[in-house]
file entry-v7.txt (compact mmCIF, C-alpha atoms)
# COMPACT_ATOMS: atom_id res chain seq x y z
CA MET A 143 -15.82 26.85 -23.05
CA SER A 144 -12.88 25.96 -25.34
CA ARG A 145 -11.65 22.40 -25.29
CA LEU A 146 -7.95 21.89 -24.57
CA ALA A 147 -5.56 20.02 -26.85
CA LEU A 148 -1.88 19.12 -26.67
CA VAL A 149 0.25 18.25 -29.71
CA VAL A 150 3.36 16.17 -28.90
CA ASP A 151 5.72 16.01 -31.89
CA ASP A 152 9.39 16.84 -32.41
CA ASP A 153 8.73 18.19 -35.93
CA ALA A 154 8.07 21.95 -35.75
CA ASP A 155 6.13 21.97 -39.03
CA ILE A 156 3.78 19.20 -37.85
CA ARG A 157 3.26 20.97 -34.53
CA SER A 158 2.39 24.18 -36.35
CA LEU A 159 0.02 22.41 -38.76
CA CYS A 160 -1.81 20.53 -35.99
CA GLU A 161 -2.08 23.68 -33.92
CA HIS A 162 -3.61 25.56 -36.86
CA LEU A 163 -6.09 22.76 -37.64
CA LEU A 164 -7.18 22.39 -34.03
CA ILE A 165 -7.60 26.13 -33.45
CA GLN A 166 -9.87 26.21 -36.52
CA ARG A 167 -12.02 23.60 -34.78
CA GLY A 168 -12.36 25.55 -31.55
CA TYR A 169 -9.53 24.08 -29.48
CA CYS A 170 -7.14 25.95 -27.23
CA VAL A 171 -3.82 24.34 -28.20
CA ASP A 172 -0.49 23.72 -26.48
CA THR A 173 2.48 21.97 -28.10
CA ALA A 174 5.46 19.99 -26.79
CA THR A 175 8.45 18.31 -28.37
CA GLY A 176 8.55 15.20 -26.19
CA LEU A 177 8.75 13.53 -22.82
CA GLU A 178 11.57 15.63 -21.39
CA GLU A 179 9.54 18.81 -21.79
CA LEU A 180 6.37 17.29 -20.32
CA ALA A 181 8.21 15.72 -17.38
CA ARG A 182 9.15 19.24 -16.26
CA SER A 183 5.56 20.50 -16.53
CA PRO A 184 3.06 17.62 -16.06
CA HIS A 185 0.16 20.06 -15.57
CA ARG A 186 0.21 20.58 -19.34
CA LEU A 187 -1.20 17.06 -19.75
CA GLN A 188 -4.51 18.06 -18.17
CA VAL A 189 -6.26 18.44 -21.52
CA ASP A 190 -9.18 16.93 -23.44
CA LEU A 191 -7.21 15.72 -26.47
CA ILE A 192 -3.60 14.67 -27.14
CA LEU A 193 -2.15 14.27 -30.63
CA LEU A 194 0.87 12.03 -30.13
CA ASP A 195 3.74 11.19 -32.47
CA PHE A 196 5.58 7.88 -32.07
CA SER A 197 9.18 8.82 -32.77
CA LEU A 198 10.28 11.56 -30.36
CA GLY A 199 14.05 11.48 -30.41
CA GLU A 200 15.47 9.73 -27.37
CA PHE A 201 11.98 8.73 -26.20
CA THR A 202 8.97 7.23 -27.97
CA GLY A 203 5.21 7.47 -27.85
CA LEU A 204 5.24 4.40 -25.59
CA ASP A 205 7.21 6.40 -23.01
CA ILE A 206 4.59 9.16 -23.19
CA LEU A 207 1.76 6.63 -22.78
CA GLU A 208 3.49 5.15 -19.75
CA TYR A 209 3.70 8.65 -18.25
CA LEU A 210 0.02 9.28 -18.98
CA PHE A 211 -0.84 5.98 -17.28
CA ASP A 212 1.22 6.89 -14.21
CA LEU A 213 -0.54 10.26 -13.96
CA LYS A 214 -3.99 8.71 -14.62
CA ILE A 215 -4.64 11.12 -17.49
CA GLY A 216 -8.14 10.86 -19.00
CA ALA A 217 -7.55 12.70 -22.29
CA SER A 218 -8.50 11.18 -25.65
CA ILE A 219 -5.31 10.22 -27.53
CA LEU A 220 -4.87 10.21 -31.30
CA VAL A 221 -1.61 8.71 -32.58
CA ILE A 222 -0.22 10.78 -35.46
CA SER A 223 2.88 9.40 -37.14
CA GLY A 224 4.56 8.43 -40.35
CA CYS A 225 5.16 4.94 -38.96
CA HIS A 226 3.78 1.67 -40.34
CA HIS A 227 0.27 0.61 -39.31
CA ASP A 228 1.67 -2.41 -37.41
CA ILE A 229 3.69 -0.12 -35.14
CA ALA A 230 0.72 2.21 -34.69
CA ASN A 231 -1.53 -0.71 -33.74
CA ARG A 232 1.04 -1.81 -31.17
CA ILE A 233 1.01 1.68 -29.63
CA ILE A 234 -2.78 1.75 -29.54
CA HIS A 235 -2.97 -1.73 -27.98
CA TYR A 236 -0.36 -0.69 -25.40
CA GLY A 237 -2.45 2.31 -24.41
CA GLU A 238 -5.73 0.40 -24.32
CA GLN A 239 -4.22 -2.24 -22.04
CA ARG A 240 -3.54 0.56 -19.57
CA GLY A 241 -7.04 1.93 -19.73
CA LEU A 242 -6.13 5.02 -21.78
CA ASP A 243 -8.70 6.50 -24.18
CA MET A 244 -7.07 5.68 -27.52
CA LEU A 245 -8.97 7.21 -30.47
CA GLY A 246 -6.87 5.52 -33.16
CA PHE A 247 -4.12 6.22 -35.70
CA LEU A 248 -3.88 8.99 -38.30
CA HIS A 249 -0.98 9.04 -40.75
CA LYS A 250 0.69 12.45 -40.91
CA SER A 251 0.18 12.59 -44.66
CA LYS A 252 -3.60 12.66 -44.09
CA LEU A 253 -3.76 15.25 -41.30
CA ILE A 254 -5.44 17.97 -43.33
CA VAL A 255 -8.00 15.68 -44.98
CA GLU A 256 -8.94 13.28 -42.17
CA LEU A 257 -8.31 14.98 -38.83
CA GLU A 258 -11.92 16.16 -38.59
CA ARG A 259 -13.44 12.68 -38.43
CA TRP A 260 -11.11 11.67 -35.59
CA LEU A 261 -12.13 14.69 -33.54
CA ILE A 262 -15.84 13.83 -33.59
CA PRO A 263 -15.60 11.07 -30.90
CA ALA A 264 -13.51 13.37 -28.71
CA THR A 265 -15.91 16.31 -29.01
CA ARG A 266 -18.85 14.12 -28.10
CA LYS A 267 -17.51 14.00 -24.58
CA PRO A 268 -19.50 16.43 -22.42
CA ASN A 269 -17.73 19.40 -20.92
CA ALA A 270 -16.01 18.73 -17.63
CA PRO A 271 -18.15 19.25 -14.52
CA THR A 272 -17.50 22.25 -12.31
CA GLY A 273 -17.18 22.68 -8.56
CA GLU A 274 -20.75 23.98 -8.50
CA ASP A 275 -21.89 20.79 -10.25
CA LEU A 276 -20.17 18.64 -7.63
CA ALA A 277 -21.60 20.67 -4.75
CA ARG A 278 -25.07 20.14 -6.20
CA GLY A 279 -24.32 16.45 -6.76
CA LEU A 280 -23.36 16.04 -3.11
CA ALA A 281 -26.45 17.90 -1.94
CA GLU A 282 -28.71 15.83 -4.22
CA GLU A 283 -26.94 12.58 -3.27
CA GLU A 284 -26.06 11.72 -6.86
CA LEU A 285 -22.92 9.82 -5.85
CA PHE A 286 -23.05 6.05 -5.57
CA LEU A 287 -20.72 3.09 -5.11
CA VAL A 288 -19.85 0.07 -7.18
CA TYR A 289 -18.00 -2.88 -5.72
CA GLN A 290 -14.97 -4.82 -6.98
CA PRO A 291 -14.68 -8.24 -5.34
CA LYS A 292 -11.55 -9.22 -3.42
CA PHE A 293 -10.68 -12.91 -3.61
CA ASP A 294 -8.89 -15.24 -1.26
CA LEU A 295 -6.44 -16.53 -3.88
CA GLU A 296 -5.86 -19.86 -2.18
CA ARG A 297 -9.53 -20.78 -1.76
CA ASN A 298 -10.90 -18.78 -4.75
CA ARG A 299 -13.56 -17.25 -2.54
CA VAL A 300 -14.89 -13.71 -2.34
CA VAL A 301 -14.04 -12.36 1.11
CA GLY A 302 -14.65 -8.66 0.61
CA VAL A 303 -15.02 -5.81 -1.85
CA GLU A 304 -13.46 -2.46 -2.57
CA ALA A 305 -15.93 0.42 -2.90
CA LEU A 306 -15.35 2.49 -6.03
CA LEU A 307 -16.95 5.91 -6.37
CA ARG A 308 -19.23 6.93 -9.23
CA TRP A 309 -21.33 10.04 -9.90
CA GLN A 310 -24.62 9.88 -11.80
CA GLU A 311 -24.55 13.42 -13.19
CA PRO A 312 -27.86 14.30 -14.91
CA SER A 313 -26.43 15.88 -18.07
CA ARG A 314 -23.16 13.92 -18.34
CA GLY A 315 -24.02 10.38 -17.29
CA VAL A 316 -21.81 8.33 -15.01
CA ILE A 317 -18.57 10.11 -14.03
CA SER A 318 -15.51 8.24 -12.75
CA PRO A 319 -13.36 9.02 -9.68
CA ASP A 320 -10.50 10.12 -11.97
CA ILE A 321 -12.61 13.23 -12.56
CA ILE A 322 -14.46 13.44 -9.23
CA ILE A 323 -11.43 13.33 -6.92
CA PRO A 324 -9.30 16.06 -8.58
CA LEU A 325 -12.41 18.25 -8.80
CA ALA A 326 -13.17 17.75 -5.10
CA GLU A 327 -9.54 18.47 -4.20
CA ARG A 328 -9.47 21.71 -6.20
CA HIS A 329 -12.64 22.95 -4.55
CA GLU A 330 -11.86 21.68 -1.03
CA MET A 331 -14.75 19.21 -0.92
CA MET A 332 -12.76 16.07 -0.05
CA VAL A 333 -13.89 15.96 3.57
CA GLU A 334 -17.59 16.27 2.72
CA LEU A 335 -17.17 13.80 -0.13
CA THR A 336 -15.46 11.24 2.10
CA TRP A 337 -18.15 11.42 4.77
CA GLN A 338 -20.79 10.83 2.11
CA VAL A 339 -18.86 7.82 0.75
CA LEU A 340 -18.47 6.40 4.27
CA ALA A 341 -22.21 6.81 4.86
CA LEU A 342 -22.92 4.90 1.63
CA ALA A 343 -20.47 2.19 2.70
CA CYS A 344 -22.02 1.84 6.15
CA ARG A 345 -25.49 1.68 4.64
CA GLN A 346 -24.28 -1.12 2.35
CA LEU A 347 -22.69 -3.07 5.21
CA ARG A 348 -25.98 -2.89 7.10
CA ARG A 349 -27.90 -4.26 4.11
CA TRP A 350 -25.41 -7.11 3.70
CA ARG A 351 -25.65 -7.97 7.37
CA ARG A 352 -29.40 -8.33 6.97
CA LEU A 353 -28.70 -10.81 4.14
CA GLY A 354 -26.44 -12.77 6.46
CA TRP A 355 -23.28 -11.71 4.64
CA ASN A 356 -20.08 -10.91 6.47
CA LEU A 357 -18.08 -9.25 3.70
CA SER A 358 -15.40 -6.67 4.36
CA LEU A 359 -15.77 -3.35 2.55
CA ALA A 360 -12.77 -1.14 1.79
CA VAL A 361 -13.07 2.63 1.39
CA ASN A 362 -10.31 5.06 0.46
CA VAL A 363 -9.82 7.92 2.94
CA PRO A 364 -7.72 10.96 1.94
CA ALA A 365 -5.33 13.02 4.04
CA ALA A 366 -7.77 15.94 4.19
CA TRP A 367 -10.32 13.72 5.94
CA ILE A 368 -7.71 12.30 8.34
CA ARG A 369 -6.77 15.87 9.33
CA SER A 370 -10.37 17.11 9.64
CA ALA A 371 -11.69 18.46 12.94
CA ASP A 372 -13.80 16.38 15.36
CA LEU A 373 -13.22 13.24 13.32
CA PHE A 374 -13.69 10.72 16.14
CA GLU A 375 -16.98 12.25 17.28
CA ALA A 376 -18.39 12.32 13.74
CA PHE A 377 -17.16 8.79 13.05
CA ASP A 378 -18.75 7.43 16.23
CA ARG A 379 -22.06 9.06 15.29
CA LEU A 380 -21.89 7.52 11.83
CA ILE A 381 -21.26 4.00 13.16
CA ALA A 382 -24.02 4.36 15.75
CA ARG A 383 -26.45 5.59 13.10
CA TYR A 384 -26.00 2.49 10.94
CA ASP A 385 -25.19 0.05 13.76
CA ILE A 386 -22.53 -1.84 11.79
CA ALA A 387 -19.62 -4.05 12.83
CA THR A 388 -16.58 -1.83 12.33
CA GLY A 389 -14.41 -4.94 11.84
CA ASN A 390 -15.93 -5.22 8.36
CA LEU A 391 -14.85 -1.69 7.41
CA ILE A 392 -11.36 -1.28 5.91
CA LEU A 393 -10.00 2.25 5.60
CA GLU A 394 -7.49 2.53 2.76
CA VAL A 395 -4.79 5.18 2.88
CA THR A 396 -3.07 5.67 -0.49
CA GLU A 397 0.68 5.42 -0.08
CA SER A 398 1.32 8.57 -2.12
CA THR A 399 -1.05 10.56 0.10
CA THR A 400 0.75 13.36 1.93
CA LEU A 401 -0.30 12.72 5.50
CA GLY A 402 1.64 15.73 6.77
CA CYS A 403 2.45 15.26 10.43
CA LEU A 404 2.92 11.49 10.82
CA GLY A 405 2.55 11.77 14.58
CA TYR A 406 -0.94 13.24 14.26
CA ALA A 407 -1.88 10.85 11.45
CA LYS A 408 -0.78 7.95 13.66
CA HIS A 409 -3.00 9.26 16.48
CA ILE A 410 -6.06 9.42 14.21
CA LEU A 411 -5.49 6.13 12.39
CA SER A 412 -4.71 4.31 15.63
CA GLY A 413 -7.93 5.68 17.12
CA LEU A 414 -9.93 4.38 14.17
CA ARG A 415 -8.20 1.03 14.45
CA GLN A 416 -9.02 0.87 18.16
CA ARG A 417 -12.65 1.37 17.16
CA GLY A 418 -12.42 -1.90 15.22
CA CYS A 419 -11.62 -0.70 11.69
CA ARG A 420 -8.81 -2.26 9.75
CA LEU A 421 -6.24 -0.08 8.02
CA SER A 422 -4.86 -0.72 4.55
CA LEU A 423 -1.89 0.95 2.84
CA ASP A 424 -3.04 1.24 -0.77
CA ASP A 425 -1.02 1.54 -4.01
CA PHE A 426 2.13 0.40 -2.23
CA GLY A 427 5.28 1.02 -4.23
CA THR A 428 4.26 4.30 -5.89
CA GLY A 429 5.31 6.78 -3.21
CA TYR A 430 8.45 7.79 -1.41
CA SER A 431 7.51 7.77 2.27
CA SER A 432 6.07 4.24 2.38
CA LEU A 433 8.63 2.61 4.66
CA MET A 434 8.39 5.45 7.16
CA GLN A 435 4.60 5.10 7.17
CA LEU A 436 4.90 1.34 7.71
CA HIS A 437 7.33 1.93 10.56
CA ARG A 438 5.33 4.64 12.31
CA ILE A 439 1.74 3.49 11.66
CA THR A 440 0.33 0.00 12.17
CA PHE A 441 -1.53 -1.23 9.10
CA ASP A 442 -3.43 -4.50 8.78
CA GLU A 443 -3.29 -4.79 5.01
CA LEU A 444 -0.81 -3.94 2.26
CA LYS A 445 -2.05 -3.49 -1.32
CA VAL A 446 0.58 -3.81 -4.03
CA ASP A 447 0.10 -1.28 -6.81
CA ARG A 448 -1.15 -2.54 -10.18
CA SER A 449 1.85 -1.02 -11.96
CA PHE A 450 3.96 -3.91 -10.64
CA ILE A 451 1.28 -6.58 -11.06
CA SER A 452 0.68 -5.65 -14.72
CA ARG A 453 4.36 -6.25 -15.56
CA LEU A 454 4.88 -9.53 -13.71
CA GLU A 455 4.99 -11.83 -16.73
CA GLN A 456 7.46 -9.84 -18.83
CA ASP A 457 9.55 -7.88 -16.32
CA LYS A 458 11.74 -9.76 -13.82
CA ARG A 459 12.44 -6.55 -11.91
CA ALA A 460 8.72 -5.96 -11.36
CA GLU A 461 8.33 -9.59 -10.28
CA ALA A 462 11.23 -9.24 -7.81
CA ILE A 463 9.67 -6.09 -6.32
CA ALA A 464 6.23 -7.74 -6.01
CA LEU A 465 7.72 -10.76 -4.24
CA SER A 466 9.84 -8.57 -1.95
CA ILE A 467 6.79 -6.55 -0.93
CA LEU A 468 4.96 -9.80 -0.20
CA ASP A 469 7.78 -10.91 2.10
CA LEU A 470 7.88 -7.51 3.80
CA GLY A 471 4.13 -7.49 4.38
CA HIS A 472 4.11 -10.99 5.85
CA ARG A 473 7.06 -10.21 8.11
CA LEU A 474 5.03 -7.30 9.49
CA GLY A 475 2.02 -9.57 10.05
CA MET A 476 -0.06 -7.97 7.30
CA THR A 477 -2.48 -9.36 4.74
CA VAL A 478 -1.00 -8.67 1.29
CA VAL A 479 -3.32 -7.85 -1.61
CA ALA A 480 -2.49 -7.75 -5.34
CA GLU A 481 -4.35 -5.07 -7.29
CA GLY A 482 -5.03 -5.17 -11.03
CA ILE A 483 -4.86 -8.90 -11.83
CA GLU A 484 -5.70 -9.00 -15.53
CA THR A 485 -4.34 -12.32 -16.87
CA PRO A 486 -4.40 -15.98 -15.78
CA GLY A 487 -0.59 -15.94 -15.77
CA GLN A 488 -0.49 -13.11 -13.22
CA HIS A 489 -3.06 -14.93 -11.09
CA ALA A 490 -1.12 -18.19 -11.14
CA LEU A 491 2.17 -16.50 -10.28
CA LEU A 492 0.68 -14.52 -7.39
CA LYS A 493 -1.16 -17.52 -5.98
CA ALA A 494 1.99 -19.67 -6.13
CA ALA A 495 4.00 -16.91 -4.47
CA GLY A 496 1.63 -16.83 -1.49
CA TYR A 497 -0.33 -13.61 -2.00
CA ASP A 498 -3.31 -13.61 0.35
CA LEU A 499 -5.91 -11.66 -1.60
CA GLY A 500 -6.32 -10.36 -5.12
CA GLN A 501 -8.59 -8.21 -7.21
CA GLY A 502 -8.70 -7.21 -10.86
CA PHE A 503 -10.64 -7.50 -14.09
CA TRP A 504 -9.56 -11.11 -14.72
CA LEU A 505 -11.17 -12.13 -11.43
CA ALA A 506 -14.17 -9.79 -11.51
CA ARG A 507 -15.06 -6.33 -12.71
CA PRO A 508 -16.81 -3.84 -10.41
CA PHE A 509 -20.52 -4.52 -9.85
CA ALA A 510 -23.49 -2.43 -8.89
CA GLU A 511 -25.11 -3.63 -5.67
CA GLU A 512 -27.86 -5.77 -7.17
CA ASP A 513 -25.55 -7.28 -9.79
CA LEU A 514 -23.03 -8.17 -7.09
CA ILE A 515 -25.68 -9.97 -5.06
CA HIS A 516 -26.71 -12.12 -8.02
CA TRP A 517 -23.13 -12.78 -9.16
CA CYS A 518 -21.31 -13.73 -6.03
CA HIS A 519 -23.91 -15.25 -3.73
CA HIS A 520 -22.49 -18.74 -4.37
CA LEU A 521 -18.88 -17.58 -4.00
CA ILE A 522 -19.14 -16.00 -0.57
CA THR A 523 -17.69 -17.88 2.34
CA PRO A 524 -17.93 -16.96 6.02
CA PHE A 525 -15.20 -14.44 6.78
CA THR A 526 -14.13 -13.31 10.21
CA PRO A 527 -12.10 -10.08 10.22
CA ALA A 528 -8.85 -10.14 12.12
CA ARG A 529 -9.00 -8.52 15.52
CA PRO A 530 -7.06 -5.26 15.68
CA ARG A 531 -3.67 -5.72 17.24
CA PRO A 532 -2.74 -3.47 20.14
call {"tool": "encode", "arguments": {"input": "entry-v7.txt", "output": "structure tokens"}}
result
Amino acid sequence: MSRLALVVDDDADIRSLCEHLLIQRGYCVDTATGLEELARSPHRLQVDLILLDFSLGEFTGLDILEYLFDLKIGASILVISGCHHDIANRIIHYGEQRGLDMLGFLHKSKLIVELERWLIPATRKPNAPTGEDLARGLAEEELFLVYQPKFDLERNRVVGVEALLRWQEPSRGVISPDIIIPLAERHEMMVELTWQVLALACRQLRRWRRLGWNLSLAVNVPAAWIRSADLFEAFDRLIARYDIATGNLILEVTESTTLGCLGYAKHILSGLRQRGCRLSLDDFGTGYSSLMQLHRITFDELKVDRSFISRLEQDKRAEAIALSILDLGHRLGMTVVAEGIETPGQHALLKAAGYDLGQGFWLARPFAEEDLIHWCHHLITPFTPARPRP
């Protein structure tokens, strides 16, 4: 299967040269002149490799990287430019801070001679898994969870975790949710996938209860699962099977999720809440229907998207939005959580502002089960989940 590449450069000669060189090396190549073109067709960014120029007319490579971050693009990125190394290093650092796969910098004058060596790390990536691979992975129970601690910012205590999905694929190693979720969506496996994740979460809660822990565990649930048939009956069977306290289970609905009929979604989510689960509105601030969801559906928790948290220290507008969301959440009687805390300055600002909970790499990275037990045993404090409000 051919690997896919995208060349982003406003110089037609450079685009043509890169296209020729990549085709020689087995790539299927698309080209674009800049951000404006890609904004009209974001599907073109779903590639294995991006060659990115810095100077793109009205926009820059930083604008492209910001767009890739927003879309959670997993492509390897090679900066190609005639710019100075200091500028290139700033671009690379900017991308790495946002978790993008930055290969490095190649000066345009060396494209013909040195491109090959930069492609080797990208081609070492295994081919993308298929729908058949995921179906087998589900059947063989190859999926597992890792856990990112959630801290009470005031007391600096672990009070819960967020479950993050991973797939131990035999020929490809550990695969992240950025690949798993789109694959499951394309092949209509989200409902089956979500039930398997919930079963793993319930099994984990049961093990923690036997250790005397009372941690909350948050699991993301997609719209397809919320709309699935016989949900209450299947959910009740799952809880009975593992005999867990549903008050420790938080169901996260991503704000950008298209719930469809809000009246029906409210019926389902309210029913789950009446069964003792808590509801969380995740990635708040990234969608367009958030206020309507908050008005129509009762949530217990509001998670502020990392895109605002990451900019707190250098962007007063982002800080104003983060503080306004905090006030909104508290006025609605919700616990407010900051996602993506990555610096001590962000932590100090959020704690002083009155954020209830926080999570992020500066506090703790995700842990496998056994590692989590060893790491946070001394940090755990008794935690009583809030009773669902009528």
call {"tool": "atom_distance", "arguments": {"input": "entry-v7.txt", "atom1": "atom CA of A:Leu163", "atom2": "atom CA of A:Ser218"}}
result
16.8 Å
call {"tool": "atom_distance", "arguments": {"input": "entry-v7.txt", "atom1": "atom CA of A:Ala387", "atom2": "atom CA of A:Gln435"}}
result
26.5 Å
call {"tool": "closest_residue", "arguments": {"input": "entry-v7.txt", "among": "A:Leu404, A:Ile233, A:Val333, A:Ala494", "to": "A:Asp372", "atoms": "all atoms listed in the file"}}
result
A:Val333
call {"tool": "atom_distance", "arguments": {"input": "entry-v7.txt", "atom1": "atom CA of A:Lys408", "atom2": "atom CA of A:Arg438"}}
result
7.1 Å
call {"tool": "residues_around", "arguments": {"input": "entry-v7.txt", "residues": "A:Ile386", "least_positions_apart": "6", "cutoff": "7 Å", "atoms": "only C-alpha atoms", "output": "ChimeraX atom specification"}}
result
/A:344,347-348
call {"tool": "closest_residue", "arguments": {"input": "entry-v7.txt", "among": "A:Ile156, A:Ile368, A:Ile215, A:Ala341", "to": "A:Phe286", "atoms": "all atoms listed in the file"}}
result
A:Ala341
call {"tool": "closest_atom_pairs", "arguments": {"input": "entry-v7.txt", "of": "stretch 358-452 of chain A", "to": "stretch 470-474 of chain A", "cutoff": "9 Å", "atoms": "all atoms listed in the file", "output": "tab-separated table"}}
result
residue	atom	partner	partner_atom	distance
A:Leu436	CA	A:Leu474	CA	8.8
A:Phe441	CA	A:Leu474	CA	8.9
A:Asp442	CA	A:Leu474	CA	8.9
A:Glu443	CA	A:Gly471	CA	7.9
A:Leu444	CA	A:Gly471	CA	6.4
call {"tool": "residues_near_point", "arguments": {"input": "entry-v7.txt", "point": "(-22.6, 15.1, -9.0)", "cutoff": "9 Å", "atoms": "all atoms listed in the file", "output": "list in words"}}
result
Pro271, Asp275, Leu276, Ala277, Arg278, Gly279, Leu280, Ala281, Glu282, Glu283, Glu284, Leu285, Arg308, Trp309, Gln310, Glu311, Pro312, Ile317 and Ile322 of chain A
call {"tool": "residues_near_point", "arguments": {"input": "entry-v7.txt", "point": "(-10.1, 6.4, -7.8)", "cutoff": "10 Å", "atoms": "all atoms listed in the file", "output": "number ranges by chain"}}
result
A: 214, 305-308, 318-324, 362
call {"tool": "residues_around", "arguments": {"input": "entry-v7.txt", "residues": "stretch 374-381 of chain A", "least_positions_apart": "3", "cutoff": "10 Å", "atoms": "all atoms listed in the file", "output": "NGL selection string"}}
result
:A and (337 or 340-341 or 344-345 or 368 or 370-371 or 384-388 or 410 or 413-414 or 417)
call {"tool": "decode", "arguments": {"input": "entry-v7.txt", "residues": "stretch 317-323 of chain A", "atoms": "all heavy atoms", "output": "tab-separated table (two decimals), in the first residue's frame"}}
result
chain	number	residue	atom	x	y	z
A	317	ILE	N	-1.04	1.16	19.90
A	317	ILE	CA	-1.69	2.14	19.01
A	317	ILE	C	-2.54	3.07	19.86
A	317	ILE	O	-3.25	2.64	20.78
A	317	ILE	CB	-2.55	1.42	17.96
A	317	ILE	CG1	-1.64	0.56	17.07
A	317	ILE	CG2	-3.33	2.42	17.11
A	317	ILE	CD1	-2.39	-0.26	16.04
A	318	SER	N	-2.50	4.36	19.53
A	318	SER	CA	-3.18	5.39	20.33
A	318	SER	C	-4.62	5.58	19.88
A	318	SER	O	-5.01	5.18	18.77
A	318	SER	CB	-2.44	6.72	20.20
A	318	SER	OG	-2.69	7.29	18.92
A	319	PRO	N	-5.44	6.24	20.71
A	319	PRO	CA	-6.84	6.48	20.34
A	319	PRO	C	-7.00	7.40	19.13
A	319	PRO	O	-8.04	7.38	18.48
A	319	PRO	CB	-7.45	7.10	21.60
A	319	PRO	CG	-6.29	7.57	22.41
A	319	PRO	CD	-5.16	6.65	22.09
A	320	ASP	N	-5.98	8.23	18.83
A	320	ASP	CA	-6.07	9.08	17.65
A	320	ASP	C	-6.21	8.27	16.38
A	320	ASP	O	-6.71	8.76	15.36
A	320	ASP	CB	-4.83	9.98	17.55
A	320	ASP	CG	-4.80	11.03	18.65
A	320	ASP	OD1	-5.85	11.26	19.26
A	320	ASP	OD2	-3.72	11.60	18.88
A	321	ILE	N	-5.74	7.02	16.41
A	321	ILE	CA	-5.90	6.11	15.28
A	321	ILE	C	-7.09	5.19	15.49
A	321	ILE	O	-7.87	4.92	14.56
A	321	ILE	CB	-4.61	5.29	15.08
A	321	ILE	CG1	-3.46	6.22	14.68
A	321	ILE	CG2	-4.81	4.19	14.04
A	321	ILE	CD1	-2.13	5.54	14.58
A	322	ILE	N	-7.27	4.71	16.72
A	322	ILE	CA	-8.35	3.74	16.99
A	322	ILE	C	-9.73	4.34	16.74
A	322	ILE	O	-10.57	3.73	16.07
A	322	ILE	CB	-8.26	3.25	18.46
A	322	ILE	CG1	-6.91	2.62	18.75
A	322	ILE	CG2	-9.38	2.25	18.74
A	322	ILE	CD1	-6.67	2.35	20.22
A	323	ILE	N	-9.98	5.54	17.28
A	323	ILE	CA	-11.33	6.11	17.22
A	323	ILE	C	-11.78	6.40	15.79
A	323	ILE	O	-12.88	5.98	15.38
A	323	ILE	CB	-11.43	7.36	18.11
A	323	ILE	CG1	-11.09	7.02	19.57
A	323	ILE	CG2	-12.83	7.97	18.02
A	323	ILE	CD1	-11.93	5.92	20.17
